[in-house]
>>> print(open('input-v7.csv').read())   # CSV, C-alpha atoms
chain,number,residue,atom,x,y,z
A,1,MET,CA,-70.8,98.1,204.8
A,2,ASN,CA,-71.6,101.0,207.1
A,3,ALA,CA,-74.8,99.4,208.3
A,4,ALA,CA,-72.9,96.2,209.1
A,5,LYS,CA,-70.4,98.2,211.1
A,6,ASN,CA,-73.1,100.1,213.0
A,7,TRP,CA,-74.8,96.8,213.7
A,8,LYS,CA,-71.6,95.3,215.1
A,9,LEU,CA,-71.1,98.4,217.3
A,10,PHE,CA,-74.7,98.1,218.5
A,11,LYS,CA,-74.2,94.4,219.4
A,12,GLU,CA,-70.9,95.2,221.1
A,13,ASN,CA,-72.5,97.7,223.4
A,14,LEU,CA,-75.1,95.2,224.5
A,15,GLY,CA,-72.7,92.4,225.0
A,16,SER,CA,-68.9,92.2,224.9
A,17,GLN,CA,-68.4,96.0,225.4
A,18,ASN,CA,-71.4,96.6,227.7
A,19,PRO,CA,-70.9,99.9,229.6
A,20,VAL,CA,-72.0,98.5,232.9
A,21,PHE,CA,-70.7,94.9,233.3
A,22,VAL,CA,-67.7,95.1,231.1
A,23,GLN,CA,-66.5,98.7,231.2
A,24,VAL,CA,-68.0,99.2,234.7
A,25,LEU,CA,-69.1,102.8,234.0
A,26,GLY,CA,-72.1,104.6,235.4
A,27,ILE,CA,-72.1,102.5,238.6
A,28,CYS,CA,-73.2,105.4,240.8
A,29,SER,CA,-76.6,105.5,239.2
A,30,THR,CA,-76.7,101.7,238.8
A,31,LEU,CA,-76.6,101.4,242.6
A,32,ALA,CA,-78.7,104.4,243.4
A,33,VAL,CA,-81.8,104.2,241.3
A,34,THR,CA,-82.4,100.4,241.0
A,35,ASN,CA,-84.4,99.9,244.1
A,36,VAL,CA,-87.7,100.5,242.4
A,37,VAL,CA,-88.4,99.4,238.8
A,38,LYS,CA,-90.5,102.4,237.9
A,39,ASN,CA,-87.7,104.9,238.8
A,40,THR,CA,-85.2,102.8,236.9
A,41,VAL,CA,-87.3,102.9,233.7
A,42,VAL,CA,-87.5,106.7,233.8
A,43,MET,CA,-83.8,107.0,234.6
A,44,CYS,CA,-83.0,104.6,231.7
A,45,LEU,CA,-85.2,106.5,229.2
A,46,GLY,CA,-83.5,109.7,230.3
A,47,LEU,CA,-80.0,108.2,229.8
A,48,ILE,CA,-80.8,106.7,226.4
A,49,PHE,CA,-82.1,110.1,225.3
A,50,VAL,CA,-79.0,111.9,226.5
A,51,THR,CA,-76.4,109.5,225.2
A,52,ALA,CA,-78.0,109.2,221.8
A,53,LEU,CA,-78.5,112.9,221.3
A,54,SER,CA,-75.2,114.0,222.8
A,55,ASN,CA,-73.4,111.6,220.6
A,56,LEU,CA,-75.3,112.8,217.6
A,57,LEU,CA,-74.7,116.5,218.4
A,58,VAL,CA,-71.0,116.1,219.3
A,59,SER,CA,-70.5,114.1,216.1
A,60,LEU,CA,-72.2,116.8,214.0
A,61,LEU,CA,-70.1,119.5,215.5
A,62,ARG,CA,-66.8,117.5,215.6
A,63,GLY,CA,-65.4,119.4,212.6
A,64,VAL,CA,-65.8,122.8,214.3
A,65,ILE,CA,-65.2,122.0,218.0
A,66,PRO,CA,-61.7,123.5,218.8
A,67,ALA,CA,-59.6,120.6,220.1
A,68,ARG,CA,-58.6,122.5,223.3
A,69,VAL,CA,-62.1,123.1,224.5
A,70,ARG,CA,-63.7,119.9,223.3
A,71,MET,CA,-64.5,118.7,226.8
A,72,MET,CA,-66.1,122.0,227.7
A,73,ALA,CA,-68.2,121.8,224.6
A,74,GLU,CA,-69.2,118.2,225.3
A,75,VAL,CA,-70.2,118.9,228.9
A,76,LEU,CA,-72.2,121.9,227.8
A,77,ILE,CA,-74.1,119.8,225.3
A,78,ILE,CA,-74.7,117.0,227.7
A,79,ALA,CA,-75.7,119.4,230.5
A,80,CYS,CA,-78.2,121.1,228.2
A,81,LEU,CA,-79.8,117.7,227.3
A,82,VAL,CA,-80.0,116.6,230.9
A,83,ILE,CA,-81.7,119.9,232.0
A,84,ILE,CA,-84.2,119.3,229.2
A,85,VAL,CA,-85.0,115.9,230.7
A,86,ASP,CA,-85.1,117.3,234.2
A,87,ILE,CA,-87.5,120.1,233.2
A,88,TYR,CA,-89.7,117.7,231.3
A,89,LEU,CA,-90.0,115.4,234.3
A,90,LYS,CA,-90.7,118.3,236.7
A,91,ALA,CA,-93.5,119.5,234.4
A,92,PHE,CA,-95.1,116.2,233.4
A,93,ASN,CA,-94.1,113.7,236.0
A,94,PRO,CA,-93.5,115.5,239.3
A,95,ASP,CA,-93.8,112.5,241.6
A,96,ILE,CA,-91.1,110.5,239.7
A,97,SER,CA,-89.0,113.7,239.5
A,98,ARG,CA,-89.2,114.0,243.2
A,99,GLN,CA,-88.2,110.4,243.9
A,100,LEU,CA,-85.3,110.5,241.5
A,101,GLY,CA,-84.2,113.7,243.1
A,102,PRO,CA,-80.6,114.6,242.3
A,103,TYR,CA,-80.0,111.5,240.1
A,104,VAL,CA,-81.4,113.0,236.9
A,105,GLY,CA,-79.0,115.9,237.2
A,106,LEU,CA,-76.2,113.5,237.8
A,107,ILE,CA,-76.6,112.0,234.3
A,108,ILE,CA,-74.4,114.9,233.4
A,109,THR,CA,-71.5,113.2,235.2
A,110,ASN,CA,-72.4,109.7,234.1
A,111,CYS,CA,-69.2,108.3,232.6
A,112,ILE,CA,-71.0,106.5,229.9
A,113,VAL,CA,-72.2,109.7,228.3
A,114,MET,CA,-68.9,111.5,228.4
A,115,GLY,CA,-66.9,108.3,227.5
A,116,HIS,CA,-68.9,107.7,224.4
A,117,ALA,CA,-68.8,111.4,223.4
A,118,GLU,CA,-65.0,111.2,223.7
A,119,ALA,CA,-64.3,107.8,222.3
A,120,VAL,CA,-66.9,107.6,219.5
A,121,ALA,CA,-68.6,110.9,218.7
A,122,LEU,CA,-65.4,112.9,218.1
A,123,THR,CA,-64.2,110.5,215.4
A,124,GLN,CA,-67.2,108.9,213.8
A,125,PRO,CA,-69.9,110.2,211.4
A,126,PRO,CA,-73.3,111.2,213.0
A,127,ALA,CA,-75.2,108.0,212.1
A,128,THR,CA,-72.6,105.8,213.7
A,129,ALA,CA,-72.3,108.0,216.7
A,130,PHE,CA,-76.1,108.0,217.2
A,131,VAL,CA,-76.3,104.2,216.9
A,132,ASP,CA,-73.5,103.9,219.4
A,133,GLY,CA,-75.1,106.3,221.9
A,134,LEU,CA,-78.4,104.5,221.5
A,135,ALA,CA,-76.8,101.1,222.0
A,136,ALA,CA,-74.8,102.3,225.0
A,137,GLY,CA,-78.0,103.6,226.6
A,138,ILE,CA,-79.9,100.4,225.9
A,139,GLY,CA,-76.9,98.3,227.1
A,140,TYR,CA,-77.0,100.3,230.4
A,141,SER,CA,-80.7,100.1,230.6
A,142,TYR,CA,-81.3,96.3,230.4
A,143,VAL,CA,-78.7,95.7,233.1
A,144,LEU,CA,-80.3,98.2,235.3
A,145,LEU,CA,-83.7,96.8,234.7
A,146,ALA,CA,-82.5,93.3,235.5
A,147,ILE,CA,-81.0,94.5,238.8
A,148,ALA,CA,-84.0,96.6,239.6
A,149,CYS,CA,-86.4,93.6,239.1
A,150,VAL,CA,-84.3,91.5,241.5
A,151,ARG,CA,-84.1,94.2,244.1
A,152,GLU,CA,-87.7,95.3,244.0
A,153,LEU,CA,-88.9,91.7,244.0
A,154,LEU,CA,-86.8,90.6,247.0
A,155,GLY,CA,-87.1,94.0,248.8
A,156,THR,CA,-90.8,94.6,248.5
A,157,GLY,CA,-92.2,91.3,247.3
A,158,GLY,CA,-93.6,92.9,244.1
A,159,ILE,CA,-92.8,94.4,240.8
A,160,TRP,CA,-94.0,97.8,239.6
A,161,GLY,CA,-95.9,98.1,242.9
A,162,PHE,CA,-97.9,94.9,242.3
A,163,ASN,CA,-97.5,92.2,244.9
A,164,VAL,CA,-96.1,89.1,243.3
A,165,LEU,CA,-94.7,86.9,246.0
A,166,GLY,CA,-97.8,87.0,248.2
A,167,GLY,CA,-98.4,88.0,251.8
A,168,ALA,CA,-96.2,85.4,253.4
A,169,TRP,CA,-93.1,86.8,251.8
A,170,VAL,CA,-90.7,88.6,254.3
A,171,ASN,CA,-89.1,91.6,252.6
A,172,TRP,CA,-85.4,91.7,252.5
A,173,ALA,CA,-85.0,95.3,253.6
A,174,ILE,CA,-81.4,95.4,252.6
A,175,MET,CA,-82.3,95.0,248.9
A,176,VAL,CA,-83.9,98.4,248.7
A,177,MET,CA,-81.1,100.0,250.5
A,178,ALA,CA,-77.8,100.9,248.8
A,179,PRO,CA,-75.8,97.8,249.9
A,180,GLY,CA,-78.4,95.6,248.1
A,181,GLY,CA,-77.4,97.3,244.9
A,182,PHE,CA,-73.7,96.4,245.5
A,183,PHE,CA,-74.6,92.7,246.1
A,184,VAL,CA,-76.9,92.3,243.1
A,185,LEU,CA,-74.6,94.1,240.7
A,186,ALA,CA,-71.6,92.1,241.9
A,187,VAL,CA,-73.5,88.8,241.5
A,188,PHE,CA,-74.7,89.9,238.1
A,189,ILE,CA,-71.2,90.7,236.9
A,190,TRP,CA,-69.9,87.5,238.3
A,191,ILE,CA,-72.5,85.4,236.5
A,192,VAL,CA,-72.2,87.2,233.2
A,193,LYS,CA,-68.4,87.1,233.2
A,194,GLY,CA,-68.1,83.5,234.4
A,195,CYS,CA,-70.8,82.0,232.2
A,196,TRP,CA,-70.5,84.0,229.1
A,197,LEU,CA,-67.6,86.4,228.6
A,198,LYS,CA,-64.8,84.1,229.8
A,199,PRO,CA,-65.8,81.1,227.6
A,200,ALA,CA,-66.2,83.5,224.6
A,201,ARG,CA,-62.7,84.9,225.2
A,202,LYS,CA,-61.2,81.4,225.5
A,203,GLU,CA,-62.8,80.4,222.2
A,204,LYS,CA,-61.2,83.3,220.5
A,205,ALA,CA,-57.7,82.6,221.9
B,1,MET,CA,-48.6,135.0,216.5
B,2,SER,CA,-51.6,136.2,214.5
B,3,SER,CA,-52.7,132.7,213.7
B,4,ARG,CA,-52.6,131.8,217.4
B,5,ARG,CA,-54.6,134.8,218.1
B,6,GLN,CA,-57.1,133.8,215.4
B,7,GLU,CA,-57.4,130.4,216.9
B,8,SER,CA,-58.1,131.8,220.4
B,9,LEU,CA,-60.7,134.1,219.0
B,10,ARG,CA,-62.3,131.2,217.2
B,11,THR,CA,-62.3,129.1,220.4
B,12,VAL,CA,-63.9,131.9,222.4
B,13,GLY,CA,-66.4,132.6,219.6
B,14,PHE,CA,-67.3,128.9,219.4
B,15,MET,CA,-67.9,128.5,223.1
B,16,THR,CA,-70.0,131.8,223.2
B,17,ALA,CA,-72.1,130.6,220.3
B,18,LEU,CA,-72.6,127.1,221.8
B,19,SER,CA,-73.5,128.7,225.2
B,20,LEU,CA,-76.0,131.0,223.6
B,21,VAL,CA,-77.7,128.2,221.8
B,22,SER,CA,-77.9,126.0,224.9
B,23,ILE,CA,-79.1,128.9,227.1
B,24,THR,CA,-81.8,129.8,224.6
B,25,SER,CA,-83.1,126.3,224.2
B,26,VAL,CA,-83.2,125.6,228.0
B,27,SER,CA,-84.8,129.0,228.7
B,28,ALA,CA,-87.4,128.5,226.0
B,29,LEU,CA,-88.3,125.1,227.5
B,30,HIS,CA,-88.4,126.5,231.0
B,31,LEU,CA,-90.7,129.4,230.0
B,32,ALA,CA,-93.0,126.9,228.2
B,33,THR,CA,-93.4,124.7,231.2
B,34,VAL,CA,-93.0,127.1,234.2
B,35,GLN,CA,-96.7,127.4,234.8
B,36,ARG,CA,-97.1,123.7,234.8
B,37,VAL,CA,-94.2,123.3,237.2
B,38,ASN,CA,-95.6,125.9,239.5
B,39,ARG,CA,-99.0,124.2,239.5
B,40,ASN,CA,-97.4,120.9,240.4
B,41,ALA,CA,-95.6,122.7,243.3
B,42,ASP,CA,-98.8,124.2,244.5
B,43,LEU,CA,-100.6,120.9,244.4
B,44,TYR,CA,-97.7,119.3,246.3
B,45,LEU,CA,-98.0,121.9,249.0
B,46,GLN,CA,-101.8,121.4,249.2
B,47,ARG,CA,-101.3,117.6,249.5
B,48,ALA,CA,-98.7,118.1,252.3
B,49,VAL,CA,-101.1,120.4,254.2
B,50,MET,CA,-103.8,117.9,253.8
B,51,GLU,CA,-101.6,115.0,255.1
B,52,VAL,CA,-100.3,116.8,258.1
B,53,SER,CA,-103.7,117.9,259.2
B,54,GLY,CA,-104.7,114.3,259.4
B,55,VAL,CA,-107.3,114.3,256.5
B,56,ALA,CA,-107.3,111.2,254.3
B,57,LEU,CA,-105.7,111.9,251.0
B,58,PRO,CA,-108.0,111.4,248.0
B,59,ALA,CA,-106.6,109.8,244.9
B,60,ASP,CA,-107.2,112.5,242.4
B,61,ALA,CA,-105.6,115.9,242.3
B,62,ALA,CA,-108.8,117.9,241.7
B,63,ALA,CA,-110.3,116.7,244.9
B,64,VAL,CA,-107.2,117.9,246.9
B,65,SER,CA,-107.5,121.4,245.4
B,66,GLN,CA,-111.3,121.4,246.1
B,67,TRP,CA,-110.7,120.4,249.7
B,68,PHE,CA,-108.0,123.0,250.1
B,69,ALA,CA,-110.2,125.8,248.7
B,70,ALA,CA,-113.1,124.8,250.9
B,71,SER,CA,-111.4,124.1,254.3
B,72,VAL,CA,-108.1,126.0,254.5
B,73,GLU,CA,-107.5,129.6,255.2
B,74,ALA,CA,-104.0,130.4,253.9
B,75,GLU,CA,-102.1,133.5,254.5
B,76,PRO,CA,-100.3,135.6,253.3
B,77,ALA,CA,-102.3,135.3,250.1
B,78,ALA,CA,-99.5,135.6,247.6
B,79,ALA,CA,-97.1,132.9,248.9
B,80,PRO,CA,-98.9,131.3,251.8
B,81,THR,CA,-96.9,130.0,254.8
B,82,ARG,CA,-99.6,129.7,257.5
B,83,PHE,CA,-102.7,127.5,257.1
B,84,ARG,CA,-105.7,127.1,259.3
B,85,ILE,CA,-107.7,124.0,258.6
B,86,ARG,CA,-111.4,124.2,259.4
B,87,ASP,CA,-113.9,121.5,259.7
B,88,ALA,CA,-116.2,121.6,256.6
B,89,ALA,CA,-119.4,121.5,258.6
B,90,THR,CA,-118.8,123.2,261.9
B,91,ARG,CA,-116.1,125.6,260.7
B,92,GLU,CA,-114.1,124.9,263.9
B,93,THR,CA,-110.3,124.8,263.6
B,94,VAL,CA,-109.2,121.3,263.4
B,95,ALA,CA,-105.5,121.8,262.7
B,96,LEU,CA,-102.9,124.4,261.9
B,97,ALA,CA,-100.1,123.9,259.4
B,98,PHE,CA,-97.0,126.0,258.8
B,99,LYS,CA,-94.5,126.1,255.9
B,100,CYS,CA,-91.1,126.7,257.4
B,101,ARG,CA,-87.5,126.6,256.4
B,102,GLY,CA,-84.3,125.4,258.0
B,103,ARG,CA,-80.7,125.4,257.0
B,104,GLY,CA,-79.6,121.9,256.1
B,105,LEU,CA,-76.1,120.7,255.2
B,106,TRP,CA,-76.2,121.5,251.5
B,107,GLY,CA,-79.1,123.9,251.2
B,108,THR,CA,-82.4,125.1,252.6
B,109,ILE,CA,-84.9,122.5,253.8
B,110,THR,CA,-88.5,123.4,253.3
B,111,ALA,CA,-91.2,121.6,255.2
B,112,VAL,CA,-94.9,121.7,256.1
B,113,VAL,CA,-95.4,121.1,259.8
B,114,GLY,CA,-98.8,120.2,261.2
B,115,MET,CA,-100.0,121.4,264.7
B,116,ALA,CA,-102.9,120.8,266.8
B,117,PRO,CA,-105.3,123.8,267.2
B,118,ASP,CA,-103.5,124.6,270.5
B,119,GLY,CA,-100.5,125.8,268.6
B,120,ARG,CA,-98.1,123.8,270.8
B,121,THR,CA,-98.6,120.1,270.0
B,122,PHE,CA,-97.0,118.9,266.7
B,123,ARG,CA,-98.6,116.7,264.2
B,124,GLU,CA,-96.7,115.0,261.4
B,125,LEU,CA,-94.5,116.9,259.0
B,126,ARG,CA,-93.8,116.7,255.3
B,127,ILE,CA,-90.5,117.7,253.7
B,128,LEU,CA,-91.2,119.7,250.6
B,129,GLU,CA,-87.7,120.5,249.4
B,130,GLN,CA,-84.3,119.4,250.5
B,131,ASN,CA,-80.9,118.9,249.0
B,132,GLU,CA,-79.4,116.7,251.7
B,133,THR,CA,-77.0,113.8,251.0
B,134,PRO,CA,-78.8,110.9,249.3
B,135,GLY,CA,-78.8,107.9,251.6
B,136,LEU,CA,-77.8,110.0,254.7
B,137,GLY,CA,-79.4,113.4,255.3
B,138,ALA,CA,-82.0,112.8,252.6
B,139,ARG,CA,-83.5,110.2,254.8
B,140,ILE,CA,-85.3,113.0,256.7
B,141,GLY,CA,-87.8,112.5,253.9
B,142,GLU,CA,-88.6,109.0,255.0
B,143,PRO,CA,-92.0,108.3,256.3
B,144,TRP,CA,-91.0,107.1,259.8
B,145,PHE,CA,-89.0,110.4,260.3
B,146,MET,CA,-91.8,112.6,259.1
B,147,ARG,CA,-94.5,110.8,261.2
B,148,GLN,CA,-92.6,110.7,264.5
B,149,THR,CA,-93.4,114.3,265.5
B,150,ALA,CA,-97.1,113.5,265.9
B,151,GLY,CA,-98.1,114.3,269.5
B,152,LYS,CA,-94.7,115.7,270.5
B,153,ARG,CA,-94.3,119.1,272.2
B,154,GLY,CA,-91.3,121.4,271.9
B,155,PRO,CA,-88.6,122.1,272.7
B,156,LEU,CA,-87.6,118.9,271.1
B,157,LYS,CA,-84.3,117.1,271.5
B,158,LEU,CA,-82.7,114.4,269.3
B,159,VAL,CA,-82.1,110.8,270.4
B,160,PRO,CA,-80.3,108.1,268.4
B,161,GLU,CA,-82.1,106.5,265.5
B,162,GLY,CA,-84.0,103.5,266.5
B,163,THR,CA,-84.9,104.7,270.0
B,164,ARG,CA,-88.5,105.3,268.9
B,165,SER,CA,-88.8,107.4,272.1
B,166,ALA,CA,-92.2,107.7,273.7
B,167,GLN,CA,-91.1,110.9,275.6
B,168,PRO,CA,-93.1,113.9,274.4
B,169,ASN,CA,-90.0,116.0,273.7
B,170,GLU,CA,-87.7,113.5,272.0
B,171,ILE,CA,-87.4,112.6,268.3
B,172,ASP,CA,-85.1,110.1,266.7
B,173,ALA,CA,-82.3,111.6,264.6
B,174,VAL,CA,-81.1,110.1,261.4
B,175,THR,CA,-77.9,108.1,261.9
B,176,GLY,CA,-75.0,109.8,260.0
B,177,ALA,CA,-77.0,112.9,259.4
B,178,THR,CA,-76.6,115.0,262.6
B,179,ILE,CA,-76.7,118.3,260.8
B,180,SER,CA,-79.8,117.5,258.7
B,181,SER,CA,-81.6,116.1,261.8
B,182,ALA,CA,-80.6,119.1,263.9
B,183,ALA,CA,-81.9,121.5,261.1
B,184,VAL,CA,-85.3,119.9,261.3
B,185,ARG,CA,-85.2,119.9,265.2
B,186,ASP,CA,-84.3,123.7,265.2
B,187,MET,CA,-86.9,124.4,262.6
B,188,LEU,CA,-89.6,122.7,264.8
B,189,ASN,CA,-88.4,124.4,268.0
B,190,ARG,CA,-88.5,127.9,266.5
B,191,LEU,CA,-92.0,127.3,265.2
B,192,PRO,CA,-94.1,127.9,268.4
B,193,GLU,CA,-92.5,131.3,268.9
B,194,GLU,CA,-92.9,132.2,265.2
B,195,ALA,CA,-96.4,130.8,264.8
B,196,PRO,CA,-98.8,133.7,264.6
B,197,PHE,CA,-101.9,131.6,265.3
B,198,LYS,CA,-101.3,131.5,269.0
B,199,GLU,CA,-104.6,132.8,270.2
B,200,ALA,CA,-106.1,129.4,269.4
B,201,THR,CA,-109.6,130.4,268.4
B,202,PRO,CA,-112.2,127.7,268.9
>>> encode(input="input-v7.csv", output="structure tokens")
Amino acid sequence: MNAAKNWKLFKENLGSQNPVFVQVLGICSTLAVTNVVKNTVVMCLGLIFVTALSNLLVSLLRGVIPARVRMMAEVLIIACLVIIVDIYLKAFNPDISRQLGPYVGLIITNCIVMGHAEAVALTQPPATAFVDGLAAGIGYSYVLLAIACVRELLGTGGIWGFNVLGGAWVNWAIMVMAPGGFFVLAVFIWIVKGCWLKPARKEKA
Amino acid sequence: MSSRRQESLRTVGFMTALSLVSITSVSALHLATVQRVNRNADLYLQRAVMEVSGVALPADAAAVSQWFAASVEAEPAAAPTRFRIRDAATRETVALAFKCRGRGLWGTITAVVGMAPDGRTFRELRILEQNETPGLGARIGEPWFMRQTAGKRGPLKLVPEGTRSAQPNEIDAVTGATISSAAVRDMLNRLPEEAPFKEATP
């Protein structure tokens, strides 16, 4: 029963309740870090780590967190986890840390993390909360990776630094700049909503 | 009244305990990795010095450190800010490099600036640390911006981005980032006065 519920939650986070293209949360980082696939992967791993663990910890503490300071407690837990990711990157992956710059620290303010801590972790048992956090992170990640692949491919003619499209390809410089993120995300949301979410909703009705 | 007081005490106690746990775990991780982080920072500085002095950058980190130890005189010893790069064979000075700071929009900008042995002509620069606005001021870290100082002589002035000025005293500013660009310009303009290696030894 519980496993079935968790699985449903997991699927919802990837599809019909996806944090990026349905709830439209965490857009700041979606636009900012998706110009190169490598950075995106690191950012996504960081976010999965933070959402999963912050949900787990908040859920474990949900009985003892005083209601009035629950947001302070959540932010403290999230900030602590993000700093851990930041320190880890600085120590073991300095080049990526430098390229991501302020965006790792900005995971703290990513609405997905806070939203799931508030909406799920405060009311659900630890296992459910952990699954939800993990799924939200993965749901965020695959959308970001899809966007990053398009942007890097069109913007630099390659993926992960390897040239794919060949020497004759003229780079679309706009793709690696911030506006490119807006275009690709908008097209992505348009396609997903038009081809998939709307028909599904009509079927239900 | 007393139950309300109890609740407040519990709230304060909870936050204090949670803060202590967070601070302890983050501090422990920091202490465990601080040497590694410092080593990374040193290596980054060495790489920057190597780049601005016009030496081709080898792929692996050990080679950078080796080159640095063999060809660079750095002073002061504890936290070096001035670097004299000598040719490996002839021991002649081939370039100077300075680590300098400027006040950006959000925080201190730290950079390594290369100079010809005459102590007046700039080479490229490398931004080490900056907290400028991503997408605007942070673009002072883009390659075209850091390369354009090569061959220029101070006092520099800013011209609009895209001018790609050939004048020896003009550099392109970053559009939408006047303060960040001016911080770099001022940093460079102060350098010849502050630079202690003026008596360019052959």
>>> residues_around(input="input-v7.csv", residues="Phe10 of chain A", least_positions_apart="6", cutoff="7 Å", atoms="all atoms listed in the file", output="list in words")
Val131, Asp132 and Ala135 of chain A
>>> residues_around(input="input-v7.csv", residues="Ser53 of chain B", least_positions_apart="2", cutoff="6 Å", atoms="only C-alpha atoms", output="VMD selection string")
chain B and resid 50 to 51 55 95 114
>>> residues_near_point(input="input-v7.csv", point="(-74.9, 116.6, 249.3)", cutoff="10 Å", atoms="all atoms listed in the file", output="PyMOL selection string")
(chain A and resi 102) or (chain B and resi 104-107+130-138)
>>> residues_around(input="input-v7.csv", residues="Leu60 of chain A", least_positions_apart="5", cutoff="9 Å", atoms="all atoms listed in the file", output="ChimeraX atom specification")
/A:55,121-122,125-126
>>> closest_atom_pairs(input="input-v7.csv", of="chain A", to="chain B", cutoff="8 Å", atoms="only C-alpha atoms", output="Markdown table")
| residue | atom | partner | partner_atom | distance |
| --- | --- | --- | --- | --- |
| A:Ile65 | CA | B:Phe14 | CA | 7.3 |
| A:Pro66 | CA | B:Thr11 | CA | 5.9 |
| A:Val69 | CA | B:Thr11 | CA | 7.3 |
| A:Ala73 | CA | B:Met15 | CA | 6.9 |
| A:Leu76 | CA | B:Ser19 | CA | 7.4 |
| A:Ile77 | CA | B:Ser22 | CA | 7.3 |
| A:Cys80 | CA | B:Ser22 | CA | 5.9 |
| A:Ile83 | CA | B:Val26 | CA | 7.1 |
| A:Ile84 | CA | B:Val26 | CA | 6.5 |
| A:Ile87 | CA | B:His30 | CA | 6.8 |
| A:Tyr88 | CA | B:Thr33 | CA | 7.9 |
| A:Lys90 | CA | B:Val37 | CA | 6.1 |
| A:Ala91 | CA | B:Val37 | CA | 4.8 |
| A:Phe92 | CA | B:Arg36 | CA | 7.9 |
| A:Pro94 | CA | B:Asn40 | CA | 6.8 |
| A:Pro102 | CA | B:Asn131 | CA | 8.0 |
| A:Ala178 | CA | B:Gly135 | CA | 7.6 |
>>> write_last_selection(input="input-v7.csv", atoms="C-alpha atoms", output="PDB file, in the coordinates of the input")
ATOM      1  CA  ILE A  65     -65.200 122.000 218.000  1.00  0.00           C
ATOM      2  CA  PRO A  66     -61.700 123.500 218.800  1.00  0.00           C
ATOM      3  CA  VAL A  69     -62.100 123.100 224.500  1.00  0.00           C
ATOM      4  CA  ALA A  73     -68.200 121.800 224.600  1.00  0.00           C
ATOM      5  CA  LEU A  76     -72.200 121.900 227.800  1.00  0.00           C
ATOM      6  CA  ILE A  77     -74.100 119.800 225.300  1.00  0.00           C
ATOM      7  CA  CYS A  80     -78.200 121.100 228.200  1.00  0.00           C
ATOM      8  CA  ILE A  83     -81.700 119.900 232.000  1.00  0.00           C
ATOM      9  CA  ILE A  84     -84.200 119.300 229.200  1.00  0.00           C
ATOM     10  CA  ILE A  87     -87.500 120.100 233.200  1.00  0.00           C
ATOM     11  CA  TYR A  88     -89.700 117.700 231.300  1.00  0.00           C
ATOM     12  CA  LYS A  90     -90.700 118.300 236.700  1.00  0.00           C
ATOM     13  CA  ALA A  91     -93.500 119.500 234.400  1.00  0.00           C
ATOM     14  CA  PHE A  92     -95.100 116.200 233.400  1.00  0.00           C
ATOM     15  CA  PRO A  94     -93.500 115.500 239.300  1.00  0.00           C
ATOM     16  CA  PRO A 102     -80.600 114.600 242.300  1.00  0.00           C
ATOM     17  CA  ALA A 178     -77.800 100.900 248.800  1.00  0.00           C
TER      18      ALA A 178
END
>>> atom_distance(input="input-v7.csv", atom1="atom CA of Phe130 of chain A", atom2="atom CA of Val75 of chain A")
17.0 Å
>>> atom_distance(input="input-v7.csv", atom1="atom CA of Val42 of chain A", atom2="atom CA of Asn93 of chain A")
9.9 Å
>>> decode(input="input-v7.csv", residues="segment 9-20 of chain A", atoms="N, CA and C atoms", output="mmCIF file, in the first residue's frame")
data_model
loop_
_atom_site.group_PDB
_atom_site.id
_atom_site.type_symbol
_atom_site.label_atom_id
_atom_site.label_comp_id
_atom_site.auth_asym_id
_atom_site.auth_seq_id
_atom_site.Cartn_x
_atom_site.Cartn_y
_atom_site.Cartn_z
ATOM 1 N N LEU A 9 3.602 8.787 -6.201
ATOM 2 C CA LEU A 9 4.205 10.098 -5.946
ATOM 3 C C LEU A 9 5.417 10.303 -6.845
ATOM 4 N N PHE A 10 6.193 9.234 -6.967
ATOM 5 C CA PHE A 10 7.403 9.275 -7.778
ATOM 6 C C PHE A 10 7.053 9.591 -9.233
ATOM 7 N N LYS A 11 6.034 8.881 -9.737
ATOM 8 C CA LYS A 11 5.641 9.080 -11.139
ATOM 9 C C LYS A 11 5.068 10.482 -11.361
ATOM 10 N N GLU A 12 4.296 10.940 -10.388
ATOM 11 C CA GLU A 12 3.695 12.271 -10.517
ATOM 12 C C GLU A 12 4.767 13.353 -10.642
ATOM 13 N N ASN A 13 5.831 13.191 -9.861
ATOM 14 C CA ASN A 13 6.899 14.188 -9.889
ATOM 15 C C ASN A 13 7.605 14.217 -11.234
ATOM 16 N N LEU A 14 7.656 13.069 -11.897
ATOM 17 C CA LEU A 14 8.312 13.041 -13.199
ATOM 18 C C LEU A 14 7.375 13.540 -14.290
ATOM 19 N N GLY A 15 6.071 13.320 -14.112
ATOM 20 C CA GLY A 15 5.140 13.647 -15.190
ATOM 21 C C GLY A 15 4.168 14.748 -14.845
ATOM 22 N N SER A 16 2.986 14.348 -14.383
ATOM 23 C CA SER A 16 1.874 15.299 -14.301
ATOM 24 C C SER A 16 2.068 16.376 -13.236
ATOM 25 N N GLN A 17 2.996 16.168 -12.297
ATOM 26 C CA GLN A 17 3.269 17.225 -11.312
ATOM 27 C C GLN A 17 4.732 17.664 -11.389
ATOM 28 N N ASN A 18 5.307 17.553 -12.564
ATOM 29 C CA ASN A 18 6.744 17.872 -12.698
ATOM 30 C C ASN A 18 7.055 19.285 -12.193
ATOM 31 N N PRO A 19 8.102 19.405 -11.363
ATOM 32 C CA PRO A 19 8.386 20.726 -10.789
ATOM 33 C C PRO A 19 8.713 21.796 -11.822
ATOM 34 N N VAL A 20 9.322 21.431 -12.944
ATOM 35 C CA VAL A 20 9.718 22.478 -13.894
ATOM 36 C C VAL A 20 8.592 22.815 -14.865
#
